[in-house]
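Peer 1: Have a peek at target-v5.cif (mmCIF, C-alpha atoms).
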```
data_structure
#
loop_
_atom_site.label_atom_id
_atom_site.label_comp_id
_atom_site.auth_asym_id
_atom_site.auth_seq_id
_atom_site.Cartn_x
_atom_site.Cartn_y
_atom_site.Cartn_z
CA MET A 1 27.64 -10.48 4.19
CA VAL A 2 27.68 -8.80 7.62
CA VAL A 3 25.88 -10.77 10.33
CA ALA A 4 24.40 -8.58 13.06
CA GLU A 5 23.15 -10.34 16.17
CA MET A 6 20.23 -8.79 18.04
CA LYS A 7 21.43 -9.00 21.65
CA GLN A 8 22.20 -6.90 24.72
CA ARG A 9 25.50 -5.01 24.69
CA SER A 10 27.38 -2.77 27.09
CA LEU A 11 28.42 0.73 26.05
CA GLU A 12 31.96 -0.46 25.34
CA GLU A 13 30.66 -3.39 23.27
CA VAL A 14 28.46 -1.06 21.23
CA LYS A 15 31.32 1.37 20.65
CA ALA A 16 33.41 -1.56 19.39
CA LEU A 17 30.91 -2.38 16.62
CA SER A 18 32.02 -1.70 13.06
CA GLU A 19 30.05 0.71 10.88
CA GLU A 20 28.77 -2.22 8.82
CA GLU A 21 27.62 -4.14 11.91
CA ALA A 22 25.78 -1.14 13.35
CA VAL A 23 24.07 -0.43 10.02
CA GLU A 24 22.93 -4.04 9.72
CA ILE A 25 21.57 -4.03 13.29
CA MET A 26 19.48 -0.95 12.40
CA ARG A 27 18.21 -2.76 9.30
CA GLN A 28 17.41 -5.95 11.18
CA ALA A 29 15.71 -4.00 13.99
CA GLY A 30 13.28 -2.50 11.48
CA ILE A 31 14.03 1.16 12.16
CA LEU A 32 12.40 3.85 10.04
CA GLY A 33 12.47 7.61 10.45
CA ALA A 34 9.87 8.15 13.17
CA GLY A 35 9.29 11.79 12.25
CA GLY A 36 7.23 12.01 9.08
CA GLY A 37 8.54 10.43 5.89
CA GLY A 38 9.48 6.99 7.18
CA PHE A 39 12.82 6.81 5.35
CA PRO A 40 14.87 3.70 6.29
CA THR A 41 17.38 4.81 8.93
CA TYR A 42 20.10 2.27 8.10
CA PHE A 43 20.62 3.81 4.66
CA LYS A 44 21.63 7.19 6.10
CA TYR A 45 24.42 5.55 8.10
CA LYS A 46 25.83 3.61 5.14
CA ASP A 47 27.52 6.87 4.15
CA PRO A 48 28.69 8.43 7.47
CA GLN A 49 28.93 12.21 7.65
CA PRO A 50 30.74 14.49 10.13
CA HIS A 51 27.64 16.05 11.72
CA LEU A 52 24.62 14.35 13.35
CA ILE A 53 21.61 16.60 13.97
CA VAL A 54 18.97 15.40 16.43
CA ASN A 55 15.61 16.84 15.38
CA ALA A 56 13.93 17.29 18.77
CA ASN A 57 11.86 20.36 17.96
CA GLU A 58 8.43 18.74 17.35
CA SER A 59 7.13 21.60 15.22
CA GLU A 60 3.57 20.30 15.05
CA PRO A 61 1.29 21.68 17.79
CA GLY A 62 0.24 18.96 20.22
CA TYR A 63 3.27 16.72 19.78
CA TRP A 64 4.78 15.74 23.13
CA ALA A 65 6.30 12.28 22.65
CA ASP A 66 9.85 13.45 21.91
CA LYS A 67 9.95 15.79 24.90
CA VAL A 68 8.64 13.09 27.23
CA LEU A 69 11.13 10.56 25.84
CA HIS A 70 14.05 12.90 26.56
CA LYS A 71 12.78 13.39 30.13
CA GLU A 72 12.28 9.67 30.76
CA TYR A 73 15.41 8.38 29.01
CA LEU A 74 18.13 11.02 29.41
CA ASP A 75 20.88 8.48 30.14
CA GLU A 76 19.90 6.34 27.15
CA PHE A 77 20.16 9.31 24.78
CA LEU A 78 23.55 10.30 26.18
CA SER A 79 24.75 6.72 25.69
CA VAL A 80 23.58 6.46 22.10
CA TYR A 81 25.16 9.82 21.23
CA GLU A 82 28.47 8.64 22.65
CA ALA A 83 28.23 5.30 20.87
CA LEU A 84 27.32 6.73 17.46
CA LYS A 85 30.11 9.26 17.76
CA ALA A 86 32.58 6.41 18.32
CA ILE A 87 31.23 4.09 15.61
CA PHE A 88 30.67 6.60 12.81
CA GLY A 89 33.23 9.25 13.70
CA PHE A 90 30.81 12.16 14.11
CA GLU A 91 32.72 15.36 14.82
CA GLN A 92 29.60 16.94 16.29
CA VAL A 93 26.22 15.82 17.62
CA THR A 94 23.73 18.69 17.80
CA MET A 95 20.35 18.62 19.51
CA CYS A 96 17.85 21.09 18.03
CA VAL A 97 14.94 22.22 20.20
CA HIS A 98 12.41 25.04 20.15
CA GLU A 99 13.01 28.12 22.29
CA LYS A 100 9.73 27.43 24.13
CA ASP A 101 10.96 23.95 25.07
CA ARG A 102 14.34 25.05 26.43
CA GLU A 103 13.39 24.10 30.02
CA TRP A 104 12.37 20.58 28.93
CA TYR A 105 15.98 19.95 27.96
CA ALA A 106 17.60 21.70 30.92
CA ASP A 107 18.87 18.37 32.32
CA TYR A 108 21.23 18.10 29.35
CA ALA A 109 23.04 21.25 30.48
CA GLU A 110 24.72 19.26 33.28
CA HIS A 111 26.46 17.12 30.65
CA ALA A 112 27.33 19.84 28.15
CA ASP A 113 31.04 19.73 29.07
CA GLU A 114 31.35 16.01 28.33
CA GLY A 115 31.96 16.66 24.65
CA VAL A 116 29.19 14.39 23.42
CA TYR A 117 26.77 16.96 22.00
CA ASP A 118 25.58 20.56 22.03
CA VAL A 119 22.04 21.98 22.24
CA ARG A 120 20.82 24.71 19.86
CA CYS A 121 17.47 26.47 20.01
CA ILE A 122 15.46 27.52 16.97
CA PRO A 123 12.42 29.82 16.57
CA ASP A 124 9.03 28.60 17.80
CA LYS A 125 7.36 28.02 14.47
CA TYR A 126 6.46 25.24 12.07
CA ALA A 127 9.09 24.78 9.36
CA LEU A 128 7.97 23.46 5.98
CA GLY A 129 10.54 21.00 4.64
CA GLU A 130 11.64 20.21 8.19
CA GLU A 131 15.12 18.74 7.69
CA THR A 132 16.35 21.27 5.14
CA ALA A 133 14.87 24.20 7.09
CA LEU A 134 16.48 22.92 10.30
CA ILE A 135 19.90 22.66 8.66
CA LYS A 136 19.64 26.18 7.25
CA GLN A 137 18.61 27.63 10.63
CA ILE A 138 21.39 26.12 12.73
CA THR A 139 24.31 25.77 10.30
CA ASP A 140 23.52 28.41 7.65
CA THR A 141 24.01 25.64 5.08
CA LYS A 142 21.58 25.21 2.22
CA VAL A 143 20.73 21.69 1.03
CA PRO A 144 20.67 21.75 -2.81
CA ARG A 145 17.29 21.24 -4.45
CA LYS A 146 18.75 18.90 -7.08
CA VAL A 147 21.93 16.84 -7.34
CA LYS A 148 23.33 15.34 -10.53
CA THR A 149 24.07 11.62 -10.42
CA PRO A 150 26.93 9.83 -12.24
CA ASP A 151 24.55 8.67 -14.98
CA GLY A 152 23.58 12.28 -15.79
CA SER A 153 20.15 12.19 -14.16
CA GLU A 154 19.08 14.29 -11.20
CA ARG A 155 17.74 13.44 -7.74
CA PRO A 156 16.45 15.62 -4.88
CA GLY A 157 19.13 17.01 -2.59
CA MET A 158 19.56 15.42 0.85
CA PRO A 159 21.29 16.38 4.12
CA LEU A 160 23.96 13.80 3.24
CA ASP A 161 24.99 16.11 0.37
CA VAL A 162 26.14 18.76 2.85
CA GLY A 163 27.82 16.44 5.38
CA ILE A 164 24.87 16.00 7.73
CA ILE A 165 22.67 13.16 9.01
CA VAL A 166 19.35 14.17 10.58
CA ASN A 167 17.42 11.85 12.90
CA ASN A 168 14.23 12.35 14.87
CA SER A 169 14.49 11.79 18.65
CA GLU A 170 12.35 8.63 18.63
CA THR A 171 14.38 7.23 15.76
CA LEU A 172 17.53 7.54 17.88
CA PHE A 173 15.74 6.00 20.85
CA ASN A 174 14.96 3.02 18.59
CA VAL A 175 18.63 2.92 17.58
CA TYR A 176 19.56 2.79 21.28
CA ASN A 177 17.15 -0.10 21.87
CA ALA A 178 18.58 -2.02 18.93
CA LEU A 179 22.28 -1.50 19.64
CA PHE A 180 22.19 -1.76 23.45
CA LEU A 181 19.21 -4.03 24.19
CA GLY A 182 18.86 -6.05 21.00
CA LYS A 183 15.26 -4.86 20.89
CA PRO A 184 13.45 -4.41 17.55
CA VAL A 185 10.89 -1.72 16.73
CA THR A 186 7.38 -2.92 17.61
CA THR A 187 5.79 0.16 19.18
CA LYS A 188 5.18 3.83 18.47
CA PHE A 189 5.05 6.79 20.88
CA LEU A 190 2.23 9.18 20.07
CA SER A 191 0.00 11.92 21.50
CA ILE A 192 -3.82 11.86 21.45
CA TYR A 193 -5.44 15.28 21.51
CA GLY A 194 -8.14 17.47 20.01
CA ARG A 195 -11.94 17.54 20.16
CA ASP A 196 -13.57 15.54 22.99
CA ILE A 197 -10.17 14.71 24.56
CA ALA A 198 -9.97 16.07 28.10
CA ASP A 199 -6.28 15.55 28.90
CA LEU A 200 -3.44 15.01 26.46
CA LYS A 201 -1.44 11.85 27.11
CA VAL A 202 1.53 10.18 25.46
CA TYR A 203 0.98 6.50 24.69
CA GLU A 204 3.28 3.68 23.65
CA VAL A 205 1.14 1.85 21.09
CA PRO A 206 1.83 -1.41 19.21
CA ILE A 207 2.52 -0.73 15.53
CA GLY A 208 -0.47 -1.87 13.49
CA ALA A 209 -2.98 -1.33 16.31
CA SER A 210 -6.48 -0.18 15.39
CA MET A 211 -6.83 3.57 15.88
CA THR A 212 -10.44 3.03 16.95
CA GLU A 213 -9.40 0.55 19.63
CA VAL A 214 -6.61 2.83 20.86
CA LEU A 215 -9.05 5.73 21.19
CA ARG A 216 -11.55 3.52 23.01
CA ILE A 217 -8.86 2.43 25.47
CA ALA A 218 -7.98 6.11 25.89
CA GLY A 219 -11.53 6.70 27.11
CA MET A 220 -13.41 7.92 24.03
CA ASP A 221 -17.03 7.06 23.35
CA VAL A 222 -16.23 5.92 19.81
CA GLU A 223 -19.78 4.83 18.93
CA SER A 224 -21.07 8.38 19.52
CA SER A 225 -18.22 10.13 17.70
CA GLY A 226 -19.24 9.90 14.05
CA HIS A 227 -19.01 13.70 13.88
CA LEU A 228 -15.21 13.45 14.27
CA SER A 229 -12.35 12.64 11.93
CA VAL A 230 -9.02 11.26 13.14
CA ILE A 231 -5.94 12.87 11.64
CA ASP A 232 -2.76 10.76 11.56
CA GLY A 233 -0.30 13.51 12.44
CA GLY A 234 -0.65 17.18 13.31
CA PRO A 235 -2.35 20.24 11.82
CA TYR A 236 0.29 20.64 9.09
CA LEU A 237 1.94 17.33 8.22
CA ASN A 238 -0.64 14.56 8.21
CA GLU A 239 -2.70 11.93 6.46
CA MET A 240 -6.34 11.06 7.00
CA GLY A 241 -6.52 8.30 9.60
CA ILE A 242 -10.28 7.85 9.95
CA GLU A 243 -12.69 10.10 8.06
CA GLU A 244 -15.71 9.16 10.18
CA LEU A 245 -14.86 7.76 13.60
CA GLY A 246 -16.98 4.74 14.52
CA ASN A 247 -17.81 3.82 10.92
CA GLU A 248 -14.34 2.97 9.57
CA ASP A 249 -10.83 2.42 10.90
CA GLY A 250 -7.16 3.23 10.48
CA PHE A 251 -4.00 1.67 11.88
CA VAL A 252 -1.00 3.05 13.76
CA ARG A 253 2.19 3.27 11.70
CA GLN A 254 5.82 3.71 12.70
CA MET A 255 5.43 7.32 11.46
CA THR A 256 2.24 8.08 13.45
CA ASN A 257 3.23 10.88 15.82
CA ALA A 258 -0.25 11.84 17.00
CA LEU A 259 -3.95 11.18 16.63
CA LEU A 260 -5.64 14.56 16.25
CA LEU A 261 -9.43 14.58 16.50
CA ILE A 262 -11.26 17.34 14.59
CA PRO A 263 -14.87 17.86 13.42
CA LYS A 264 -15.49 15.95 10.20
CA GLY A 265 -15.24 18.16 7.14
CA THR A 266 -13.00 20.81 8.73
CA LYS A 267 -9.42 21.57 7.74
CA SER A 268 -6.60 20.35 9.96
CA LYS A 269 -4.75 23.67 9.59
CA ASP A 270 -7.65 25.35 11.38
CA TYR A 271 -6.16 23.73 14.51
CA ALA A 272 -2.63 25.09 14.04
CA GLU A 273 -3.04 27.35 17.06
CA VAL A 274 -4.27 24.60 19.37
CA GLU A 275 -2.64 24.75 22.80
CA THR A 276 -2.05 21.64 24.88
CA GLU A 277 -0.87 21.18 28.44
CA PRO A 278 2.09 18.88 29.18
CA PRO A 279 1.04 15.29 29.91
CA GLU A 280 1.11 14.50 33.62
CA GLU A 281 1.54 10.70 33.50
CA GLY A 282 4.71 10.27 31.50
CA ILE A 283 4.23 7.44 29.00
CA VAL A 284 1.17 5.17 29.13
CA SER A 285 1.94 1.76 27.63
CA LEU A 286 -0.73 -0.10 25.65
CA VAL A 287 1.52 -3.10 24.97
CA GLY A 288 -0.63 -6.17 25.56
CA ASP A 289 -3.86 -4.17 25.70
CA VAL A 290 -4.96 -4.31 22.06
CA SER A 291 -6.87 -7.23 20.55
CA GLY A 292 -4.77 -7.50 17.40
CA VAL A 293 -2.50 -5.71 14.94
CA ARG A 294 -1.88 -5.40 11.21
CA MET A 295 1.85 -5.31 10.52
CA PRO A 296 3.06 -3.86 7.18
CA LEU A 297 5.91 -5.78 5.56
CA GLY A 298 6.81 -2.80 3.35
CA GLY A 299 6.07 0.88 3.10
CA ARG A 300 6.47 4.14 1.22
CA TYR A 301 10.17 3.62 0.44
CA LEU A 302 10.39 -0.08 1.24
CA GLU A 303 10.36 -3.30 -0.68
CA PRO A 304 8.20 -5.74 1.32
CA ALA A 305 10.09 -8.08 3.63
CA GLU A 306 9.82 -11.82 2.98
CA PRO A 307 7.19 -13.32 5.32
CA LEU A 308 8.59 -15.84 7.82
CA VAL A 309 5.13 -16.95 8.98
CA SER A 310 2.00 -18.47 7.47
CA THR A 311 -1.70 -18.12 8.13
CA GLY A 312 -2.64 -20.04 11.27
CA ASP A 313 0.79 -19.77 12.90
CA GLU A 314 1.04 -18.74 16.55
CA VAL A 315 3.55 -15.94 17.11
CA GLU A 316 5.08 -14.35 20.21
CA TYR A 317 5.57 -10.68 20.96
CA GLU A 318 8.78 -9.41 19.29
CA GLN A 319 9.08 -12.54 17.14
CA LYS A 320 10.64 -11.89 13.74
CA ILE A 321 7.94 -12.28 11.07
CA GLY A 322 9.59 -10.65 8.04
CA GLU A 323 13.12 -10.99 6.60
CA PRO A 324 14.49 -8.01 4.61
CA VAL A 325 15.04 -8.67 0.90
CA ASP A 326 18.18 -7.72 -1.00
CA GLU A 327 16.66 -5.46 -3.65
CA GLY A 328 15.93 -1.80 -2.87
CA PHE A 329 15.32 -0.57 0.68
CA SER A 330 14.05 -3.30 2.98
CA ILE A 331 13.94 -3.86 6.75
CA ALA A 332 13.04 -6.73 9.07
CA VAL A 333 9.57 -6.83 10.65
CA TRP A 334 8.80 -8.04 14.18
CA ALA A 335 5.46 -8.93 15.75
CA SER A 336 4.02 -6.12 17.88
CA ALA A 337 1.51 -8.49 19.49
CA ARG A 338 1.20 -12.12 20.47
CA GLY A 339 -1.49 -14.18 18.77
CA THR A 340 -2.52 -16.07 15.65
CA ILE A 341 -1.70 -15.06 12.09
CA SER A 342 -5.17 -14.58 10.62
CA SER A 343 -4.11 -13.42 7.15
CA ILE A 344 -1.19 -12.33 4.98
CA LYS A 345 -2.51 -10.14 2.18
CA ASP A 346 -1.21 -7.14 0.26
CA SER A 347 2.02 -7.23 2.31
CA ILE A 348 0.06 -6.91 5.57
CA VAL A 349 0.39 -9.56 8.30
CA ALA A 350 -2.70 -9.61 10.53
CA ILE A 351 -2.25 -10.95 14.06
CA GLU A 352 -5.30 -11.62 16.20
CA GLY A 353 -5.21 -12.23 19.93
CA GLY A 354 -3.19 -9.42 21.46
CA GLY A 355 0.29 -9.19 22.92
CA PRO A 356 1.75 -10.23 26.26
CA SER A 357 0.01 -9.10 29.41
CA GLN A 358 1.41 -6.07 31.19
CA GLN A 359 2.55 -8.36 34.01
CA GLU A 360 4.54 -10.49 31.56
CA ALA A 361 6.04 -7.44 29.89
CA GLU A 362 7.09 -5.94 33.24
CA ALA A 363 8.52 -9.25 34.44
CA GLU A 364 10.56 -9.58 31.25
CA ALA A 365 11.84 -6.00 31.60
CA GLU A 366 12.89 -6.66 35.22
CA ALA A 367 14.65 -9.87 34.19
CA GLU A 368 16.55 -8.05 31.44
CA ALA A 369 17.55 -5.29 33.85
CA SER A 370 18.86 -7.80 36.40
CA ARG A 371 20.96 -9.51 33.71
#
```
Can you dump the structure from the file as structure tokens?
Peer 2:
Amino acid sequence: MVVAEMKQRSLEEVKALSEEEAVEIMRQAGILGAGGGGFPTYFKYKDPQPHLIVNANESEPGYWADKVLHKEYLDEFLSVYEALKAIFGFEQVTMCVHEKDREWYADYAEHADEGVYDVRCIPDKYALGEETALIKQITDTKVPRKVKTPDGSERPGMPLDVGIIVNNSETLFNVYNALFLGKPVTTKFLSIYGRDIADLKVYEVPIGASMTEVLRIAGMDVESSGHLSVIDGGPYLNEMGIEELGNEDGFVRQMTNALLLIPKGTKSKDYAEVETEPPEEGIVSLVGDVSGVRMPLGGRYLEPAEPLVSTGDEVEYEQKIGEPVDEGFSIAVWASARGTISSIKDSIVAIEGGGPSQQEAEAEAEAEASR
């Protein structure tokens, strides 16, 4: 069994990792596809392909997190592209962006001759079946609808079947954090926009945080907002987060890309033409600002991780609380807040008490940087 230590590594140390070690680090870091489906990222890399496509087009109106991440962390993305190319032998790394967002990625043009990646623009429209549509648009390759398996059954076609791995931008940022910093996934970058929201902002939110609490911190008068619903996602690809704000609640997931507020009873697609201005503050961190979280041990594709904690235990921020199991898809789970385990029920670990203070988080980040 491959042992993958979660620790800081230099670029050369990361490039020296074996495929098996890098895959296990992704699994232990708890990385899922941060775009929509939440497919476990480590599984895609167990069968390396020649072409990595970076899905940076954010088709849903109102999504800004990926664009802001690329602005804030240009060097980190360049490093992870170089590292993944070395580890998995990618012949090409392609960044896909919308025509309208071309200027947001202009900084990458200065590095285009370094042989790490290329940037390709696609039309400014929402694409149903995002990954397969993206592949068809930029490579003129069609992912098969069905693929026969050795036992004679059929399964849906995947990008892997045509020599391609597709990752969302935030997913690759999480891969960078895991391989270079030894940092697990405990937060989610998301936009908040829609009715009664004056200025769009991009927040870094602890996974499992209450949507109601996040909106309150963002400045909403939650108690007077029962006329609104909260959509987990955008106008097209979404799930209901809170049907009646103020009277029920929902929780931020690793796949939550935005909280869209619309009048209760209306259709989300009615807001497909919504226009939003770029956020002016960069990324606003809510780490340490929420009163508690509810951490899922499993998920849509995942077998629940084995709990490493019990009710009443005190846990620290980024403490490992779930060990991946051997059967099926499974990933490790890490605490997104510091506090007391108040319950473990239905594969949900509830932590009450909040995470580290912002001062502690900033001090820790400075200490890591100095090391």
Peer 1: Hey, what comes out of the PyMOL selection byres ((chain A and resi 262) around 6) on this file? Could you write it as a PyMOL selection string?
Peer 2: chain A and resi 195+228-229+261+263
Peer 1: Using all atoms listed in the file, can you tell me which of A:Ser310, A:Ser336, A:Asn167, A:Gln8 comes closest to Tyr42 (chain A)?
Peer 2: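 When distances to Tyr42 (chain A) are compared using all atoms listed in the file, the smallest one comes from A:Asn167.
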Peer 1: Would you mind listing what lies within 9 Å of Gly115 (chain A) as a list in words, with all atoms listed in the file counted and same-chain residues fewer than 4 positions away left out?
Peer 2: Glu82, Gln92 and His111 of chain A
Peer 1: Suppose a student applies the PyMOL selection byres ((chain A and resi 169) around 6) to this structure; what residues should they get, written as a VMD selection string?
Peer 2: chain A and resid 56 66 168 170 to 172
Peer 1: Find the residues with any atom within 8 Å of (28.2, -6.5, 13.0); use all atoms listed in the file and the coordinates as given in the file, and write the answer as a PyMOL selection string.
Peer 2: chain A and resi 2-5+17-25
Peer 1: Can you list, as a PyMOL selection string, every protein, DNA or RNA residue that comes within 12 Å of Ile53 (chain A) when you count all atoms listed in the file, leaving out same-chain residues fewer than 6 positions away?
Peer 2: chain A and resi 81+84-85+90-97+117-120+131-132+134-139+159-160+163-169+171-172
Peer 1: Keeping only C-alpha atoms, write the selected residues to a file as an mmCIF file, in the coordinates of the input.
Peer 2:
```cif
data_model
loop_
_atom_site.group_PDB
_atom_site.id
_atom_site.type_symbol
_atom_site.label_atom_id
_atom_site.label_comp_id
_atom_site.auth_asym_id
_atom_site.auth_seq_id
_atom_site.Cartn_x
_atom_site.Cartn_y
_atom_site.Cartn_z
ATOM 1 C CA TYR A 81 25.160 9.820 21.230
ATOM 2 C CA LEU A 84 27.320 6.730 17.460
ATOM 3 C CA LYS A 85 30.110 9.260 17.760
ATOM 4 C CA PHE A 90 30.810 12.160 14.110
ATOM 5 C CA GLU A 91 32.720 15.360 14.820
ATOM 6 C CA GLN A 92 29.600 16.940 16.290
ATOM 7 C CA VAL A 93 26.220 15.820 17.620
ATOM 8 C CA THR A 94 23.730 18.690 17.800
ATOM 9 C CA MET A 95 20.350 18.620 19.510
ATOM 10 C CA CYS A 96 17.850 21.090 18.030
ATOM 11 C CA VAL A 97 14.940 22.220 20.200
ATOM 12 C CA TYR A 117 26.770 16.960 22.000
ATOM 13 C CA ASP A 118 25.580 20.560 22.030
ATOM 14 C CA VAL A 119 22.040 21.980 22.240
ATOM 15 C CA ARG A 120 20.820 24.710 19.860
ATOM 16 C CA GLU A 131 15.120 18.740 7.690
ATOM 17 C CA THR A 132 16.350 21.270 5.140
ATOM 18 C CA LEU A 134 16.480 22.920 10.300
ATOM 19 C CA ILE A 135 19.900 22.660 8.660
ATOM 20 C CA LYS A 136 19.640 26.180 7.250
ATOM 21 C CA GLN A 137 18.610 27.630 10.630
ATOM 22 C CA ILE A 138 21.390 26.120 12.730
ATOM 23 C CA THR A 139 24.310 25.770 10.300
ATOM 24 C CA PRO A 159 21.290 16.380 4.120
ATOM 25 C CA LEU A 160 23.960 13.800 3.240
ATOM 26 C CA GLY A 163 27.820 16.440 5.380
ATOM 27 C CA ILE A 164 24.870 16.000 7.730
ATOM 28 C CA ILE A 165 22.670 13.160 9.010
ATOM 29 C CA VAL A 166 19.350 14.170 10.580
ATOM 30 C CA ASN A 167 17.420 11.850 12.900
ATOM 31 C CA ASN A 168 14.230 12.350 14.870
ATOM 32 C CA SER A 169 14.490 11.790 18.650
ATOM 33 C CA THR A 171 14.380 7.230 15.760
ATOM 34 C CA LEU A 172 17.530 7.540 17.880
#
```
Peer 1: Neighbouring residues of His70 (chain A) were defined as those with any atom within 10 Å, considering all atoms listed in the file; residues of the same chain fewer than 2 positions away were excluded. Please report them as a JSON list (two decimals) with C-alpha atoms, in the coordinates of the input.
Peer 2:
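Saved the output as out-v2.json:
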```
[["chain", "number", "residue", "atom", "x", "y", "z"],
["A", 56, "ALA", "CA", 13.93, 17.29, 18.77],
["A", 65, "ALA", "CA", 6.30, 12.28, 22.65],
["A", 66, "ASP", "CA", 9.85, 13.45, 21.91],
["A", 67, "LYS", "CA", 9.95, 15.79, 24.90],
["A", 68, "VAL", "CA", 8.64, 13.09, 27.23],
["A", 72, "GLU", "CA", 12.28, 9.67, 30.76],
["A", 73, "TYR", "CA", 15.41, 8.38, 29.01],
["A", 74, "LEU", "CA", 18.13, 11.02, 29.41],
["A", 75, "ASP", "CA", 20.88, 8.48, 30.14],
["A", 76, "GLU", "CA", 19.90, 6.34, 27.15],
["A", 77, "PHE", "CA", 20.16, 9.31, 24.78],
["A", 78, "LEU", "CA", 23.55, 10.30, 26.18],
["A", 104, "TRP", "CA", 12.37, 20.58, 28.93],
["A", 105, "TYR", "CA", 15.98, 19.95, 27.96],
["A", 107, "ASP", "CA", 18.87, 18.37, 32.32],
["A", 108, "TYR", "CA", 21.23, 18.10, 29.35],
["A", 169, "SER", "CA", 14.49, 11.79, 18.65],
["A", 170, "GLU", "CA", 12.35, 8.63, 18.63],
["A", 173, "PHE", "CA", 15.74, 6.00, 20.85]]
```
Peer 1: Expand the PyMOL selection byres ((chain A and resi 260) around 9) into the explicit residue set it covers here, and present it as number ranges by chain.
Peer 2: A: 62, 191-195, 229-235, 258-259, 261-262, 268
Peer 1: Generate the output file for the selected residues, C-alpha atoms, as a tab-separated table (two decimals), in the coordinates of the input.
Peer 2:
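So out.tsv came out as:
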```tsv
chain	number	residue	atom	x	y	z
A	62	GLY	CA	0.24	18.96	20.22
A	191	SER	CA	0.00	11.92	21.50
A	192	ILE	CA	-3.82	11.86	21.45
A	193	TYR	CA	-5.44	15.28	21.51
A	194	GLY	CA	-8.14	17.47	20.01
A	195	ARG	CA	-11.94	17.54	20.16
A	229	SER	CA	-12.35	12.64	11.93
A	230	VAL	CA	-9.02	11.26	13.14
A	231	ILE	CA	-5.94	12.87	11.64
A	232	ASP	CA	-2.76	10.76	11.56
A	233	GLY	CA	-0.30	13.51	12.44
A	234	GLY	CA	-0.65	17.18	13.31
A	235	PRO	CA	-2.35	20.24	11.82
A	258	ALA	CA	-0.25	11.84	17.00
A	259	LEU	CA	-3.95	11.18	16.63
A	261	LEU	CA	-9.43	14.58	16.50
A	262	ILE	CA	-11.26	17.34	14.59
A	268	SER	CA	-6.60	20.35	9.96
```
